[in-house]
Amino acid sequence: MKNLIDLLTEEVSKAFADAGFDAELGRVGISNRPDLCEFQCNGAMAGAKKLHKNPFDIAEAVAAKLADSKLFSEVSAVRPGFLNLKIASEFLADYLRKMDSSDKLGLEEPAKKKKIMIDYGGPNVAKPLHIGHLRSAIIGESVKRMARLLGHDVTGDVHLGDWGLQMGLIITELKVRKPELPYFDESFEGEYPAEAPFTLSELEEIYPCASGKSKEDEAFKNEAMEATFKLQHGDRGYTAIWKHIIALSVADLKKNYENLDVTFDLWKGESDADPYIKDMVEKMKADGFAYESQGALVVDVSEETDSKEIPPCMILKSDGAALYTTTDLATLVEREKDYDPDQIIYVVDKRQSLHFEQVFRCAKKTGIVPKDVKLDFLGFGTMNGKDGKPFKTREGGVMRLESLISDVNDEMYQKMTDNDSIDLSEEEAKKTARMVAVSAIKYGDLSNQASKDYVFDIDKFTSFEGNTGPYIMYTMVRIKSILRKYRESNAEIDGLEIRESENAEERALMLGLAQYNAMMEGAFEELAPHRVCAFIYDIANAFNRFYHGTKILTESDEEKRRGWIALLKFTLRVLEQSISVLGMEAPERM
Ligand code: ARG
């Protein structure tokens with residue numbers, strides 16, 4: 001169904017036309033003076049300039065045409081030439097009833113169903129999953145869910161960092177420690193063991209150790225580079241080790257992401273792009289795009305309109321090695337071939353914005369990606385600790401995602417069990433704590449505009465007050481509890497109808513709910529989960545104001561009470577659908 005704002009705009013546009021003016025002038029917006037009106041239209045002001053007329057006369061003429069409108073209860077022309085609008089209660093209630101009877105709360109199927117790929121997560125295999133990768137997972141998951149809810153065909157790809165020097169480092173260090181392993185015996189022709197020659201925790205210790213060595217020991221570093229080269233050229237033993245590393249890492253990553261309710265459709269990685277590199281490079285050369293510069297192979301991607309210099313895109317280093325850029329371009333070759341997407345959205349640290357600018361330009365210029373495919377870079381800022389520096393553990397080390405999640409979980413569990421007013425079984429307390437913890441972490445992140453840095457403040461994020469996940473959960477639990485109580489004494493809860501509002505708080509809540517579909521479409525269009533959070537927060541506040549001012553369950557007028565219960569059910573649905581795109585779920589009790 002149509003957005004509320006679009007419906008209002010249609011009505012006012014018609015009135016402009018009927019009064020002999022340009023229908024285009026009838027754009028309606030939410031009022032920025034809610035004390036005066038709910039919606040407004042400033043078209044008369046713009047029209048007056050064009051037509052050299054008095055804006056107030058235009059506004060009055062239009063207002064007269066709207067006098068009998070069923071959509072508005074009040075239309076007033078105010079000086080110098082604004083139209084102040086208040087919508088009719090019956091129309092508002094009817095709009096919400098229609099939303100309520102649609103299974104997607106009034107969201108329409110997209111005019112064109114797009115094939116969208118989302119590249120997010122991006123963890124590097126064999127390095128422990130740390131806080132830096134949290135934002136990509138949380139934001140990407142949310143964008144994926146929004147696109148899917150809106151009816152697009154969406155594929156999420158984790159795009160593992162599984163092909164770089166870190167692999168060579170691990171292999172080299174392993175060779176130092178266990179030279180007797182068959183993987184290092186070039187004459188070995190048998191089957192390699194199915195079991196990995198290391199555990200995950202050994203692996204996690206090997207990598208930083210090797211990485212440290214390579215910084216001090218030139219020979220070690222060279223050996224690691226050579227091992228990387230051999231791996232990338234198909235060495236049998238190294239490939240077998242690499243497979244062990246991937247298997248162990250991926251199992252662990254899946255567990256971590258599962259803890260956050262983040263799931264991927266594809267578990268592809270940088271290595272999957274490797275087979276496409278050779279032909280891609282040949283073609284770039286043959287087409288005259290790639291040329292040699294100081295030994296390296298590059299493609300110019302600067303454009304005349306650039307205000308800052310965009311350096312050429314480096315395709316191969318002087319030693320012929322592929323780079324991060326090369327992998328991303330080859331991944332695009334692969335994605336075009338296998339998925340033919342209309343849009344690809346990369347959710348990556350904003351410090352990589354130049355890299356993606358180069359990759360996108362190069363891909364379009366060289367024809368890897370057709371011109372009409374939309375390539376979006378959703379760059380996010382850094383998550384800092386309370387000291388304003390990148391988030392660290394209490395001991396100052398890099399915080400592992402696992403520890404962060406369990407810290408927040410413990411905090412929430414403590415709060416659940418400290419609360420005497422409700423007695424949850426051990427199992428329910430655990431489950432609830434987990435749900436609320438996930439909401440604390442995700443909402444704390446998503447409520448900020450993605451591109452901004454933000455401070456991860458556990459105390460703030462786990463608070464039940466303020467703009468936090470737990471506050472939203474608490475509000476939803478409150479609604480659920482009222483509905484449960486109502487259900488206990490009234491058999492009939494289905495089929496109740498939302499009625500015209502009885503008081504100002506109720507009306508404010510209804511007006512807020514009516515913005516849902518426009519908000520959701522806009523939030524996806526702008527790739528802005530923080531807009532969903534802002535909406536949720538507004539609705540939660542509007543509901544709580546209504547709740548505090550109205551005795552819902554003890555209302556003696558049966559009709560009123562039924563109408564309110566219907567509104568509560570609907571509010572809960574809107575909140576549930578909204579938090580689901582953030583990757584959150586509300587408990588029954590807390
Ligand atoms: N693994 C990369 C990193 O940790 C992120 C990958 C982002 N995606 C991409 N297609 N480059 O920085």
# chains A, B, ... in the order shown; residues from 1 in each chain; ligands from 1
>>> select_by_dssp(residues="region 451-484 of chain A", states="helix (DSSP H, G or I)", output="PDB file with N, CA and C atoms, in the first residue's frame")
ATOM      1  N   ILE A 458      29.965  -0.425  27.606  1.00  0.00           N
ATOM      2  CA  ILE A 458      29.139  -1.544  28.071  1.00  0.00           C
ATOM      3  C   ILE A 458      28.080  -1.082  29.066  1.00  0.00           C
ATOM      4  N   ASP A 459      28.463  -0.196  30.006  1.00  0.00           N
ATOM      5  CA  ASP A 459      27.493   0.242  31.019  1.00  0.00           C
ATOM      6  C   ASP A 459      26.304   0.933  30.379  1.00  0.00           C
ATOM      7  N   LYS A 460      26.606   1.791  29.414  1.00  0.00           N
ATOM      8  CA  LYS A 460      25.528   2.522  28.735  1.00  0.00           C
ATOM      9  C   LYS A 460      24.683   1.570  27.896  1.00  0.00           C
ATOM     10  N   PHE A 461      25.360   0.714  27.124  1.00  0.00           N
ATOM     11  CA  PHE A 461      24.622  -0.149  26.197  1.00  0.00           C
ATOM     12  C   PHE A 461      23.718  -1.158  26.903  1.00  0.00           C
ATOM     13  N   GLY A 469      19.377  -0.901  23.372  1.00  0.00           N
ATOM     14  CA  GLY A 469      18.688  -2.143  23.029  1.00  0.00           C
ATOM     15  C   GLY A 469      17.837  -2.667  24.175  1.00  0.00           C
ATOM     16  N   PRO A 470      18.408  -2.757  25.390  1.00  0.00           N
ATOM     17  CA  PRO A 470      17.609  -3.267  26.514  1.00  0.00           C
ATOM     18  C   PRO A 470      16.346  -2.432  26.792  1.00  0.00           C
ATOM     19  N   TYR A 471      16.412  -1.126  26.588  1.00  0.00           N
ATOM     20  CA  TYR A 471      15.204  -0.290  26.778  1.00  0.00           C
ATOM     21  C   TYR A 471      14.121  -0.712  25.767  1.00  0.00           C
ATOM     22  N   ILE A 472      14.545  -0.961  24.541  1.00  0.00           N
ATOM     23  CA  ILE A 472      13.586  -1.381  23.512  1.00  0.00           C
ATOM     24  C   ILE A 472      12.998  -2.754  23.878  1.00  0.00           C
ATOM     25  N   MET A 473      13.903  -3.670  24.301  1.00  0.00           N
ATOM     26  CA  MET A 473      13.444  -5.006  24.705  1.00  0.00           C
ATOM     27  C   MET A 473      12.427  -4.888  25.852  1.00  0.00           C
ATOM     28  N   TYR A 474      12.774  -4.038  26.800  1.00  0.00           N
ATOM     29  CA  TYR A 474      11.935  -3.872  27.977  1.00  0.00           C
ATOM     30  C   TYR A 474      10.547  -3.358  27.591  1.00  0.00           C
ATOM     31  N   THR A 475      10.538  -2.414  26.665  1.00  0.00           N
ATOM     32  CA  THR A 475       9.268  -1.854  26.204  1.00  0.00           C
ATOM     33  C   THR A 475       8.427  -2.930  25.513  1.00  0.00           C
ATOM     34  N   MET A 476       9.085  -3.738  24.708  1.00  0.00           N
ATOM     35  CA  MET A 476       8.345  -4.786  24.007  1.00  0.00           C
ATOM     36  C   MET A 476       7.822  -5.843  24.981  1.00  0.00           C
ATOM     37  N   VAL A 477       8.642  -6.151  25.980  1.00  0.00           N
ATOM     38  CA  VAL A 477       8.217  -7.114  26.990  1.00  0.00           C
ATOM     39  C   VAL A 477       7.007  -6.565  27.758  1.00  0.00           C
ATOM     40  N   ARG A 478       7.021  -5.261  28.000  1.00  0.00           N
ATOM     41  CA  ARG A 478       5.886  -4.625  28.687  1.00  0.00           C
ATOM     42  C   ARG A 478       4.608  -4.821  27.849  1.00  0.00           C
ATOM     43  N   ILE A 479       4.702  -4.596  26.545  1.00  0.00           N
ATOM     44  CA  ILE A 479       3.517  -4.785  25.690  1.00  0.00           C
ATOM     45  C   ILE A 479       3.075  -6.253  25.729  1.00  0.00           C
ATOM     46  N   LYS A 480       4.057  -7.143  25.627  1.00  0.00           N
ATOM     47  CA  LYS A 480       3.711  -8.566  25.641  1.00  0.00           C
ATOM     48  C   LYS A 480       3.003  -8.936  26.936  1.00  0.00           C
ATOM     49  N   SER A 481       3.460  -8.340  28.021  1.00  0.00           N
ATOM     50  CA  SER A 481       2.879  -8.691  29.306  1.00  0.00           C
ATOM     51  C   SER A 481       1.427  -8.193  29.410  1.00  0.00           C
ATOM     52  N   ILE A 482       1.172  -6.996  28.894  1.00  0.00           N
ATOM     53  CA  ILE A 482      -0.219  -6.501  28.904  1.00  0.00           C
ATOM     54  C   ILE A 482      -1.105  -7.419  28.054  1.00  0.00           C
ATOM     55  N   LEU A 483      -0.577  -7.780  26.898  1.00  0.00           N
ATOM     56  CA  LEU A 483      -1.367  -8.639  26.014  1.00  0.00           C
ATOM     57  C   LEU A 483      -1.630  -9.996  26.662  1.00  0.00           C
ATOM     58  N   ARG A 484      -0.620 -10.494  27.383  1.00  0.00           N
ATOM     59  CA  ARG A 484      -0.778 -11.794  28.042  1.00  0.00           C
ATOM     60  C   ARG A 484      -1.874 -11.699  29.114  1.00  0.00           C
TER      61      ARG A 484
END
>>> residues_around(residues="Arg561 (chain A)", least_positions_apart="5", cutoff="7 Å", atoms="only C-alpha atoms", output="list of chain:residue names")
A:Ile552, A:Leu553, A:Glu555
>>> closest_residue(among="A:Leu375, A:Ala227, A:Ile87, A:Ala63", to="ligand 1", atoms="only C-alpha atoms and all ligand atoms")
A:Leu375
>>> select_by_dssp(residues="region 150-380 of chain A", states="strand (DSSP E)", output="JSON, numbers by chain")
{"A": [153, 154, 155, 156, 157, 290, 291, 292, 293, 296, 297, 298, 299, 313, 314, 315, 316, 343, 344, 345, 346, 347, 348, 349, 374, 375, 376, 377, 378, 379, 380]}
>>> write_last_selection(atoms="N, CA and C atoms", output="compact mmCIF listing (two decimals), in the first residue's frame")
# COMPACT_ATOMS: atom_id res chain seq x y z
N ASP A 153 16.13 -9.92 -4.02
CA ASP A 153 16.77 -11.23 -4.03
C ASP A 153 18.20 -11.01 -3.53
N VAL A 154 18.48 -11.42 -2.29
CA VAL A 154 19.72 -10.99 -1.65
C VAL A 154 20.64 -12.16 -1.33
N THR A 155 21.92 -11.98 -1.60
CA THR A 155 22.92 -12.98 -1.25
C THR A 155 24.00 -12.32 -0.40
N GLY A 156 24.23 -12.87 0.77
CA GLY A 156 25.29 -12.34 1.63
C GLY A 156 26.53 -13.21 1.52
N ASP A 157 27.67 -12.56 1.30
CA ASP A 157 28.93 -13.30 1.16
C ASP A 157 29.93 -12.82 2.20
N ALA A 290 45.47 -1.72 -19.07
CA ALA A 290 46.57 -1.93 -18.13
C ALA A 290 47.90 -1.66 -18.82
N TYR A 291 48.78 -0.93 -18.16
CA TYR A 291 50.09 -0.67 -18.72
C TYR A 291 51.13 -0.73 -17.61
N GLU A 292 52.40 -0.84 -18.05
CA GLU A 292 53.46 -0.98 -17.06
C GLU A 292 53.94 0.37 -16.58
N SER A 293 54.09 0.49 -15.28
CA SER A 293 54.61 1.72 -14.71
C SER A 293 55.54 1.37 -13.57
N ALA A 296 55.45 -2.15 -12.30
CA ALA A 296 54.15 -2.69 -11.88
C ALA A 296 53.13 -2.53 -13.02
N LEU A 297 52.06 -3.29 -12.93
CA LEU A 297 51.00 -3.17 -13.93
C LEU A 297 49.85 -2.36 -13.32
N VAL A 298 49.49 -1.27 -13.99
CA VAL A 298 48.46 -0.39 -13.41
C VAL A 298 47.38 -0.01 -14.42
N VAL A 299 46.24 0.45 -13.89
CA VAL A 299 45.17 1.01 -14.73
C VAL A 299 44.85 2.40 -14.18
N CYS A 313 45.15 2.34 -10.25
CA CYS A 313 44.83 1.10 -9.58
C CYS A 313 45.93 0.09 -9.90
N MET A 314 46.62 -0.41 -8.87
CA MET A 314 47.71 -1.35 -9.14
C MET A 314 47.16 -2.77 -9.27
N ILE A 315 47.47 -3.40 -10.41
CA ILE A 315 46.92 -4.72 -10.69
C ILE A 315 47.91 -5.83 -10.33
N LEU A 316 49.18 -5.62 -10.69
CA LEU A 316 50.22 -6.60 -10.31
C LEU A 316 51.44 -5.85 -9.83
N GLN A 343 23.21 -4.98 -7.96
CA GLN A 343 23.84 -4.10 -6.99
C GLN A 343 24.74 -4.93 -6.07
N ILE A 344 25.90 -4.38 -5.73
CA ILE A 344 26.75 -5.03 -4.73
C ILE A 344 27.08 -3.99 -3.67
N ILE A 345 26.87 -4.38 -2.42
CA ILE A 345 27.12 -3.46 -1.31
C ILE A 345 28.26 -4.01 -0.47
N TYR A 346 29.31 -3.22 -0.32
CA TYR A 346 30.46 -3.64 0.50
C TYR A 346 30.38 -2.94 1.85
N VAL A 347 30.37 -3.72 2.90
CA VAL A 347 30.33 -3.14 4.24
C VAL A 347 31.70 -3.31 4.88
N VAL A 348 32.51 -2.30 4.77
CA VAL A 348 33.93 -2.40 5.16
C VAL A 348 34.35 -1.10 5.88
N ASP A 349 35.37 -1.23 6.70
CA ASP A 349 35.96 -0.08 7.40
C ASP A 349 36.16 1.09 6.43
N LYS A 374 25.04 -1.19 -9.74
CA LYS A 374 25.34 -0.24 -8.68
C LYS A 374 26.36 -0.86 -7.73
N LEU A 375 27.47 -0.18 -7.55
CA LEU A 375 28.48 -0.65 -6.59
C LEU A 375 28.51 0.35 -5.43
N ASP A 376 28.16 -0.13 -4.24
CA ASP A 376 28.09 0.75 -3.09
C ASP A 376 29.13 0.41 -2.06
N PHE A 377 29.75 1.43 -1.53
CA PHE A 377 30.68 1.24 -0.43
C PHE A 377 30.03 1.81 0.83
N LEU A 378 29.68 0.93 1.75
CA LEU A 378 29.13 1.40 3.02
C LEU A 378 30.27 1.32 4.04
N GLY A 379 30.97 2.44 4.19
CA GLY A 379 32.15 2.46 5.04
C GLY A 379 31.78 2.83 6.47
N PHE A 380 32.29 2.08 7.42
CA PHE A 380 31.93 2.38 8.81
C PHE A 380 33.14 2.90 9.59
>>> residues_around(residues="Gln414 (chain A)", least_positions_apart="6", cutoff="12 Å", atoms="only C-alpha atoms", output="PyMOL selection string")
chain A and resi 407-408+420+426+429-430+432-434+436-437+462+590
>>> closest_atom_pairs(of="chain A", to="ligand 1", cutoff="9 Å", atoms="only C-alpha atoms and all ligand atoms", output="CSV")
residue,atom,partner,partner_atom_place_in_ligand_line,distance
A:Asp119,CA,ligand 1,8 (N),6.0
A:Tyr120,CA,ligand 1,8 (N),6.4
A:Gly121,CA,ligand 1,6 (C),7.2
A:Gly122,CA,ligand 1,6 (C),4.1
A:Pro123,CA,ligand 1,1 (N),5.1
A:Asn124,CA,ligand 1,1 (N),5.2
A:Val125,CA,ligand 1,1 (N),8.6
A:Gly132,CA,ligand 1,4 (O),8.1
A:His133,CA,ligand 1,4 (O),7.1
A:Ser136,CA,ligand 1,7 (C),8.7
A:Val158,CA,ligand 1,8 (N),8.1
A:His159,CA,ligand 1,8 (N),6.0
A:Leu160,CA,ligand 1,1 (N),6.1
A:Gly161,CA,ligand 1,1 (N),4.4
A:Asp162,CA,ligand 1,1 (N),8.1
A:Gly269,CA,ligand 1,10 (N),8.7
A:Glu270,CA,ligand 1,10 (N),7.9
A:Tyr324,CA,ligand 1,11 (N),7.2
A:Thr325,CA,ligand 1,11 (N),8.0
A:Thr327,CA,ligand 1,11 (N),8.0
A:Asp328,CA,ligand 1,10 (N),5.5
A:Leu329,CA,ligand 1,10 (N),8.9
A:Thr331,CA,ligand 1,10 (N),7.7
A:Leu332,CA,ligand 1,10 (N),9.0
A:Tyr346,CA,ligand 1,8 (N),6.4
A:Val347,CA,ligand 1,7 (C),7.1
A:Val348,CA,ligand 1,7 (C),5.4
A:Asp349,CA,ligand 1,12 (O),7.3
A:Gln352,CA,ligand 1,12 (O),7.9
A:His355,CA,ligand 1,11 (N),8.6
A:Phe356,CA,ligand 1,11 (N),7.9
>>> residues_around(residues="region 526-540 of chain A", least_positions_apart="4", cutoff="9 Å", atoms="only C-alpha atoms", output="PyMOL selection string")
chain A and resi 139+142-143+146+378+443+445-450+467-468+471-472+475-476+509+512-513+515-516+519-522+544-545+571+574-575+578-579+581-582
>>> write_last_selection(atoms="N, CA and C atoms", output="JSON list (two decimals), in the first residue's frame")
[["chain", "number", "residue", "atom", "x", "y", "z"],
["A", 139, "ILE", "N", 26.34, -4.47, 10.83],
["A", 139, "ILE", "CA", 25.72, -3.55, 9.86],
["A", 139, "ILE", "C", 25.31, -4.31, 8.60],
["A", 142, "SER", "N", 22.22, -6.34, 8.97],
["A", 142, "SER", "CA", 21.03, -5.50, 9.00],
["A", 142, "SER", "C", 20.64, -5.04, 7.59],
["A", 143, "VAL", "N", 21.62, -4.63, 6.81],
["A", 143, "VAL", "CA", 21.31, -4.20, 5.44],
["A", 143, "VAL", "C", 20.75, -5.38, 4.64],
["A", 146, "MET", "N", 17.14, -5.92, 5.67],
["A", 146, "MET", "CA", 16.26, -4.87, 5.12],
["A", 146, "MET", "C", 15.94, -5.16, 3.66],
["A", 378, "LEU", "N", 29.68, 0.93, 1.75],
["A", 378, "LEU", "CA", 29.13, 1.40, 3.02],
["A", 378, "LEU", "C", 30.27, 1.32, 4.04],
["A", 443, "TYR", "N", 22.25, -2.85, 18.94],
["A", 443, "TYR", "CA", 21.58, -1.55, 18.95],
["A", 443, "TYR", "C", 22.60, -0.45, 19.26],
["A", 445, "ASP", "N", 25.57, -0.33, 18.40],
["A", 445, "ASP", "CA", 26.30, -0.06, 17.16],
["A", 445, "ASP", "C", 25.39, 0.61, 16.13],
["A", 446, "LEU", "N", 24.26, -0.03, 15.86],
["A", 446, "LEU", "CA", 23.42, 0.39, 14.73],
["A", 446, "LEU", "C", 22.74, 1.74, 14.94],
["A", 447, "SER", "N", 22.57, 2.14, 16.21],
["A", 447, "SER", "CA", 21.88, 3.41, 16.42],
["A", 447, "SER", "C", 22.76, 4.61, 16.03],
["A", 448, "ASN", "N", 24.04, 4.36, 15.80],
["A", 448, "ASN", "CA", 24.91, 5.43, 15.31],
["A", 448, "ASN", "C", 24.98, 5.38, 13.79],
["A", 449, "GLN", "N", 25.09, 6.54, 13.20],
["A", 449, "GLN", "CA", 25.30, 6.56, 11.75],
["A", 449, "GLN", "C", 26.58, 5.77, 11.47],
["A", 450, "ALA", "N", 26.50, 4.82, 10.53],
["A", 450, "ALA", "CA", 27.59, 3.87, 10.34],
["A", 450, "ALA", "C", 28.95, 4.54, 10.12],
["A", 467, "ASN", "N", 18.45, 5.50, 25.06],
["A", 467, "ASN", "CA", 18.32, 4.95, 23.72],
["A", 467, "ASN", "C", 19.18, 3.69, 23.58],
["A", 468, "THR", "N", 18.72, 2.60, 24.18],
["A", 468, "THR", "CA", 19.52, 1.36, 24.19],
["A", 468, "THR", "C", 18.68, 0.16, 23.75],
["A", 471, "TYR", "N", 16.41, -1.13, 26.59],
["A", 471, "TYR", "CA", 15.20, -0.29, 26.78],
["A", 471, "TYR", "C", 14.12, -0.71, 25.77],
["A", 472, "ILE", "N", 14.54, -0.96, 24.54],
["A", 472, "ILE", "CA", 13.59, -1.38, 23.51],
["A", 472, "ILE", "C", 13.00, -2.75, 23.88],
["A", 475, "THR", "N", 10.54, -2.41, 26.67],
["A", 475, "THR", "CA", 9.27, -1.85, 26.20],
["A", 475, "THR", "C", 8.43, -2.93, 25.51],
["A", 476, "MET", "N", 9.09, -3.74, 24.71],
["A", 476, "MET", "CA", 8.35, -4.79, 24.01],
["A", 476, "MET", "C", 7.82, -5.84, 24.98],
["A", 509, "LEU", "N", 1.21, 8.09, 19.06],
["A", 509, "LEU", "CA", 1.70, 6.73, 18.78],
["A", 509, "LEU", "C", 1.20, 6.27, 17.41],
["A", 512, "GLY", "N", 3.04, 7.95, 14.60],
["A", 512, "GLY", "CA", 4.38, 7.38, 14.48],
["A", 512, "GLY", "C", 4.34, 6.06, 13.72],
["A", 513, "LEU", "N", 3.41, 5.19, 14.09],
["A", 513, "LEU", "CA", 3.32, 3.87, 13.47],
["A", 513, "LEU", "C", 3.02, 3.98, 11.97],
["A", 515, "GLN", "N", 4.17, 5.92, 9.93],
["A", 515, "GLN", "CA", 5.34, 6.28, 9.11],
["A", 515, "GLN", "C", 6.20, 5.05, 8.78],
["A", 516, "TYR", "N", 5.80, 3.89, 9.31],
["A", 516, "TYR", "CA", 6.66, 2.71, 9.21],
["A", 516, "TYR", "C", 7.16, 2.40, 7.79],
["A", 519, "MET", "N", 9.58, 4.90, 6.31],
["A", 519, "MET", "CA", 10.84, 4.82, 7.02],
["A", 519, "MET", "C", 11.68, 3.65, 6.52],
["A", 520, "MET", "N", 11.03, 2.47, 6.40],
["A", 520, "MET", "CA", 11.80, 1.28, 6.03],
["A", 520, "MET", "C", 12.37, 1.40, 4.61],
["A", 521, "GLU", "N", 11.54, 1.90, 3.70],
["A", 521, "GLU", "CA", 12.04, 2.07, 2.33],
["A", 521, "GLU", "C", 13.19, 3.08, 2.28],
["A", 522, "GLY", "N", 13.03, 4.17, 3.02],
["A", 522, "GLY", "CA", 14.07, 5.20, 3.05],
["A", 522, "GLY", "C", 15.36, 4.69, 3.67],
["A", 544, "ASN", "N", 5.36, 4.31, 25.52],
["A", 544, "ASN", "CA", 5.49, 4.45, 26.98],
["A", 544, "ASN", "C", 4.71, 5.66, 27.50],
["A", 545, "ARG", "N", 4.69, 6.74, 26.71],
["A", 545, "ARG", "CA", 3.90, 7.91, 27.13],
["A", 545, "ARG", "C", 2.41, 7.55, 27.17],
["A", 571, "THR", "N", 1.28, -2.34, 17.51],
["A", 571, "THR", "CA", 2.55, -1.70, 17.88],
["A", 571, "THR", "C", 3.65, -2.76, 18.03],
["A", 574, "VAL", "N", 4.79, -3.98, 14.64],
["A", 574, "VAL", "CA", 5.67, -3.02, 13.97],
["A", 574, "VAL", "C", 7.05, -3.05, 14.61],
["A", 575, "LEU", "N", 7.10, -3.11, 15.93],
["A", 575, "LEU", "CA", 8.40, -3.17, 16.60],
["A", 575, "LEU", "C", 9.13, -4.48, 16.27],
["A", 578, "SER", "N", 10.55, -4.32, 12.89],
["A", 578, "SER", "CA", 11.66, -3.36, 12.85],
["A", 578, "SER", "C", 12.92, -3.92, 13.51],
["A", 579, "ILE", "N", 12.76, -4.57, 14.66],
["A", 579, "ILE", "CA", 13.98, -5.09, 15.30],
["A", 579, "ILE", "C", 14.50, -6.31, 14.55],
["A", 581, "VAL", "N", 14.90, -6.59, 11.40],
["A", 581, "VAL", "CA", 15.88, -6.17, 10.39],
["A", 581, "VAL", "C", 17.19, -5.72, 11.04],
["A", 582, "LEU", "N", 17.16, -5.47, 12.32],
["A", 582, "LEU", "CA", 18.43, -5.16, 13.01],
["A", 582, "LEU", "C", 19.09, -6.44, 13.50]]
>>> residues_around(residues="Asp457 (chain A)", least_positions_apart="6", cutoff="9 Å", atoms="only C-alpha atoms", output="ChimeraX atom specification")
/A:384-386,444
>>> closest_residue(among="A:Ile565, A:Ala523, A:Leu248, A:Cys37", to="Ile493 (chain A)", atoms="only C-alpha atoms")
A:Ile565
>>> closest_residue(among="A:Lys278, A:Lys243, A:Arg351, A:Lys127", to="Ile206 (chain A)", atoms="only C-alpha atoms")
A:Lys127
>>> closest_residue(among="A:Ala251, A:Ile170, A:Val281, A:Val369", to="Tyr207 (chain A)", atoms="only C-alpha atoms")
A:Ile170
